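Taking it in order: structure first as structure tokens, then the write-up.
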Amino acid sequence: MAQAPREGADMGGLDQVDLFAGLEPEQLAAIAGSARPRVFARGAIIVSEGDEGLGLFIVQRGALKAFVVDDSGRELTLSLLGPGEYFGELALLDAAPRSASVMALERCELLQISRAAFLAVVEQSPALMLTLLRNLVRRVRDLTDSVRALALVDVFGRVTRLFESLAVERDGQWVIERQLTQQDIANLVGSSREMVNRILRDLVIGGYLSVDHHHIVLHRKLPARW
């Protein structure tokens with residue numbers, strides 16, 4: 001029978017991370033105890049594509065982007081990451097090279113959990129691995145939806161899908177709080193900056209949104225088609 005965590009046990013905020021959803025408090029506390037705090041300056045590359053994968057990173061503060069670069073130097077942003085999100089989770093299960101690079105967009109505070117430390121915790125609680133695998137499957141399904149959108153949805157649809165996924169409600173308005181340049185948006189949807197510029201211009205003219213210092217405010221539901 002698992003022991004109750006000691007009073008005031010520090011779970012390091014891991015109870016807010018969906019990868020660990022469903023774990024018992026003592027399991028979270030054990031994982032948190034193996035975590036190493038890391039601080040990175042803006043512009044720092046935390047991991048590079050092709051590097052040896054040694055563990056998981058959890059974002060506590062700051063913003064990052066995961067991206068890949070093709071042979072011609074063209075960049076595609078896979079995701080934007082903020083507090084409570086994570087990357088490098090596959091390294092908990094194997095030691096394959098990193099599949100993408102991650103860069104800090106501002107000063108970031110992260111927790112790093114090494115594969116060796118994580119597996120040591122799993123040895124004490126094998127059920128933890130089943131929960132982790134279940135949550136990883138959900139993550140794979142989300143990635144499948146993103147790939148489907150890139151393949152089957154036109155650029156306009158990908159841009160509106162991105163905006164709706166990033167917008168949060170603030171004082172009765174839906175706001176994209178992350179500062180995004182047109183190139184950032186283009187990298188996220190797999191398009192050119194010029195095409196994104198045209199789409200943004202038409203959405204502003206149509207009264208669907210406004211842009212102020214890279215912050216985007218949605219004024220009404222975005223159209224399904226251009």
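Residue numbering restarts at 1 for every chain of the structure tokens, chains are lettered A, B, ... in their displayed order, and ligands are numbered from 1 as they appear.
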Just the residues within 12 Å of stretch 33-45 of chain A, please, counting only C-alpha atoms, with nothing from its chain fewer than 4 positions along; format it as a PyMOL selection string. chain A and resi 9-14+26-29+49+51+55-67+100-122
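Residues lying within 10 Å of A:Gly22, counting only C-alpha atoms and ignoring same-chain neighbours fewer than 3 positions away, are A:Asp15, A:Asp18, A:Leu19, A:Pro25, A:Gln27, A:Leu28, A:Leu128, A:Thr131, A:Leu132, A:Arg134, A:Asn135.
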Gap from atom CA of A:Leu203 to atom CA of A:Thr77 - Å, one decimal: 22.6 Å
Test item: residues at most 12 Å from A:Gln183, only C-alpha atoms, excluding those fewer than 2 positions along its chain, as a PyMOL selection string: chain A and resi 74-77+179-181+185-197+214
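Looking only at stretch 62-152 of chain A, the set that DSSP places in strand (DSSP E or B) from backbone geometry is Leu64, Lys65, Ala66, Phe67, Val68, Val69, Glu75, Leu76, Thr77, Leu78, Ser79, Leu80, Leu81, Tyr86, Phe87, Pro97, Ser101, Val102, Met103, Ala104, Cys108, Glu109, Leu110, Leu111, Gln112, Ile113 and Ser114 of chain A.
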I need the chosen residues saved as a PDB file, in the first residue's frame, with N, CA and C atoms.
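To be explicit, this is the file written out as part_28.pdb:
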```pdb
ATOM      1  N   LEU A  64       8.807  29.441 -24.745  1.00  0.00           N
ATOM      2  CA  LEU A  64       9.772  28.783 -25.621  1.00  0.00           C
ATOM      3  C   LEU A  64       9.076  28.363 -26.905  1.00  0.00           C
ATOM      4  N   LYS A  65       9.884  27.976 -27.896  1.00  0.00           N
ATOM      5  CA  LYS A  65       9.316  27.387 -29.107  1.00  0.00           C
ATOM      6  C   LYS A  65      10.098  26.133 -29.468  1.00  0.00           C
ATOM      7  N   ALA A  66       9.365  25.116 -29.948  1.00  0.00           N
ATOM      8  CA  ALA A  66       9.977  23.906 -30.482  1.00  0.00           C
ATOM      9  C   ALA A  66       9.925  24.015 -31.999  1.00  0.00           C
ATOM     10  N   PHE A  67      11.037  23.713 -32.659  1.00  0.00           N
ATOM     11  CA  PHE A  67      11.082  23.925 -34.108  1.00  0.00           C
ATOM     12  C   PHE A  67      12.039  22.944 -34.765  1.00  0.00           C
ATOM     13  N   VAL A  68      11.872  22.810 -36.080  1.00  0.00           N
ATOM     14  CA  VAL A  68      12.795  22.037 -36.910  1.00  0.00           C
ATOM     15  C   VAL A  68      13.216  22.917 -38.077  1.00  0.00           C
ATOM     16  N   VAL A  69      14.355  22.603 -38.644  1.00  0.00           N
ATOM     17  CA  VAL A  69      14.891  23.347 -39.780  1.00  0.00           C
ATOM     18  C   VAL A  69      15.225  22.352 -40.884  1.00  0.00           C
ATOM     19  N   GLU A  75      12.591  27.250 -41.485  1.00  0.00           N
ATOM     20  CA  GLU A  75      12.172  26.834 -40.151  1.00  0.00           C
ATOM     21  C   GLU A  75      10.676  26.603 -40.085  1.00  0.00           C
ATOM     22  N   LEU A  76      10.283  25.541 -39.375  1.00  0.00           N
ATOM     23  CA  LEU A  76       8.885  25.275 -39.083  1.00  0.00           C
ATOM     24  C   LEU A  76       8.738  25.160 -37.573  1.00  0.00           C
ATOM     25  N   THR A  77       7.901  26.020 -36.995  1.00  0.00           N
ATOM     26  CA  THR A  77       7.660  25.976 -35.554  1.00  0.00           C
ATOM     27  C   THR A  77       6.617  24.908 -35.259  1.00  0.00           C
ATOM     28  N   LEU A  78       6.973  23.967 -34.417  1.00  0.00           N
ATOM     29  CA  LEU A  78       6.064  22.874 -34.076  1.00  0.00           C
ATOM     30  C   LEU A  78       5.087  23.266 -32.979  1.00  0.00           C
ATOM     31  N   SER A  79       5.547  24.034 -32.016  1.00  0.00           N
ATOM     32  CA  SER A  79       4.673  24.437 -30.922  1.00  0.00           C
ATOM     33  C   SER A  79       5.296  25.580 -30.140  1.00  0.00           C
ATOM     34  N   LEU A  80       4.433  26.324 -29.453  1.00  0.00           N
ATOM     35  CA  LEU A  80       4.853  27.333 -28.487  1.00  0.00           C
ATOM     36  C   LEU A  80       4.582  26.774 -27.099  1.00  0.00           C
ATOM     37  N   LEU A  81       5.491  27.011 -26.183  1.00  0.00           N
ATOM     38  CA  LEU A  81       5.411  26.398 -24.858  1.00  0.00           C
ATOM     39  C   LEU A  81       5.423  27.466 -23.776  1.00  0.00           C
ATOM     40  N   TYR A  86       5.507  21.105 -21.402  1.00  0.00           N
ATOM     41  CA  TYR A  86       6.726  20.310 -21.281  1.00  0.00           C
ATOM     42  C   TYR A  86       7.215  19.880 -22.655  1.00  0.00           C
ATOM     43  N   PHE A  87       8.461  19.417 -22.701  1.00  0.00           N
ATOM     44  CA  PHE A  87       9.022  18.876 -23.936  1.00  0.00           C
ATOM     45  C   PHE A  87      10.106  17.864 -23.576  1.00  0.00           C
ATOM     46  N   PRO A  97      17.838  10.208 -30.376  1.00  0.00           N
ATOM     47  CA  PRO A  97      18.195  11.624 -30.498  1.00  0.00           C
ATOM     48  C   PRO A  97      16.961  12.521 -30.466  1.00  0.00           C
ATOM     49  N   SER A 101      14.427  21.023 -32.059  1.00  0.00           N
ATOM     50  CA  SER A 101      15.168  21.965 -31.218  1.00  0.00           C
ATOM     51  C   SER A 101      14.172  22.802 -30.415  1.00  0.00           C
ATOM     52  N   VAL A 102      14.620  23.306 -29.267  1.00  0.00           N
ATOM     53  CA  VAL A 102      13.779  24.175 -28.434  1.00  0.00           C
ATOM     54  C   VAL A 102      14.595  25.392 -28.023  1.00  0.00           C
ATOM     55  N   MET A 103      14.015  26.580 -28.247  1.00  0.00           N
ATOM     56  CA  MET A 103      14.699  27.833 -27.925  1.00  0.00           C
ATOM     57  C   MET A 103      13.862  28.665 -26.963  1.00  0.00           C
ATOM     58  N   ALA A 104      14.522  29.352 -26.037  1.00  0.00           N
ATOM     59  CA  ALA A 104      13.841  30.246 -25.104  1.00  0.00           C
ATOM     60  C   ALA A 104      13.511  31.556 -25.805  1.00  0.00           C
ATOM     61  N   CYS A 108      13.681  31.915 -19.056  1.00  0.00           N
ATOM     62  CA  CYS A 108      12.850  30.774 -18.695  1.00  0.00           C
ATOM     63  C   CYS A 108      13.383  30.053 -17.468  1.00  0.00           C
ATOM     64  N   GLU A 109      12.462  29.572 -16.656  1.00  0.00           N
ATOM     65  CA  GLU A 109      12.782  28.701 -15.530  1.00  0.00           C
ATOM     66  C   GLU A 109      12.144  27.344 -15.806  1.00  0.00           C
ATOM     67  N   LEU A 110      12.973  26.306 -15.821  1.00  0.00           N
ATOM     68  CA  LEU A 110      12.521  24.966 -16.158  1.00  0.00           C
ATOM     69  C   LEU A 110      12.879  23.982 -15.058  1.00  0.00           C
ATOM     70  N   LEU A 111      12.171  22.868 -15.044  1.00  0.00           N
ATOM     71  CA  LEU A 111      12.562  21.720 -14.239  1.00  0.00           C
ATOM     72  C   LEU A 111      13.034  20.633 -15.202  1.00  0.00           C
ATOM     73  N   GLN A 112      14.194  20.078 -14.949  1.00  0.00           N
ATOM     74  CA  GLN A 112      14.716  19.009 -15.785  1.00  0.00           C
ATOM     75  C   GLN A 112      14.669  17.699 -14.995  1.00  0.00           C
ATOM     76  N   ILE A 113      14.048  16.694 -15.599  1.00  0.00           N
ATOM     77  CA  ILE A 113      13.956  15.371 -14.986  1.00  0.00           C
ATOM     78  C   ILE A 113      14.698  14.397 -15.880  1.00  0.00           C
ATOM     79  N   SER A 114      15.785  13.841 -15.394  1.00  0.00           N
ATOM     80  CA  SER A 114      16.585  12.933 -16.205  1.00  0.00           C
ATOM     81  C   SER A 114      15.874  11.589 -16.366  1.00  0.00           C
TER      82      SER A 114
END
```
Let me make sure I understand: among A:Leu90, A:Arg220, A:Leu23, A:Gly53, which one has the smallest atom-to-atom distance to A:Trp174 if we use only C-alpha atoms? A:Arg220
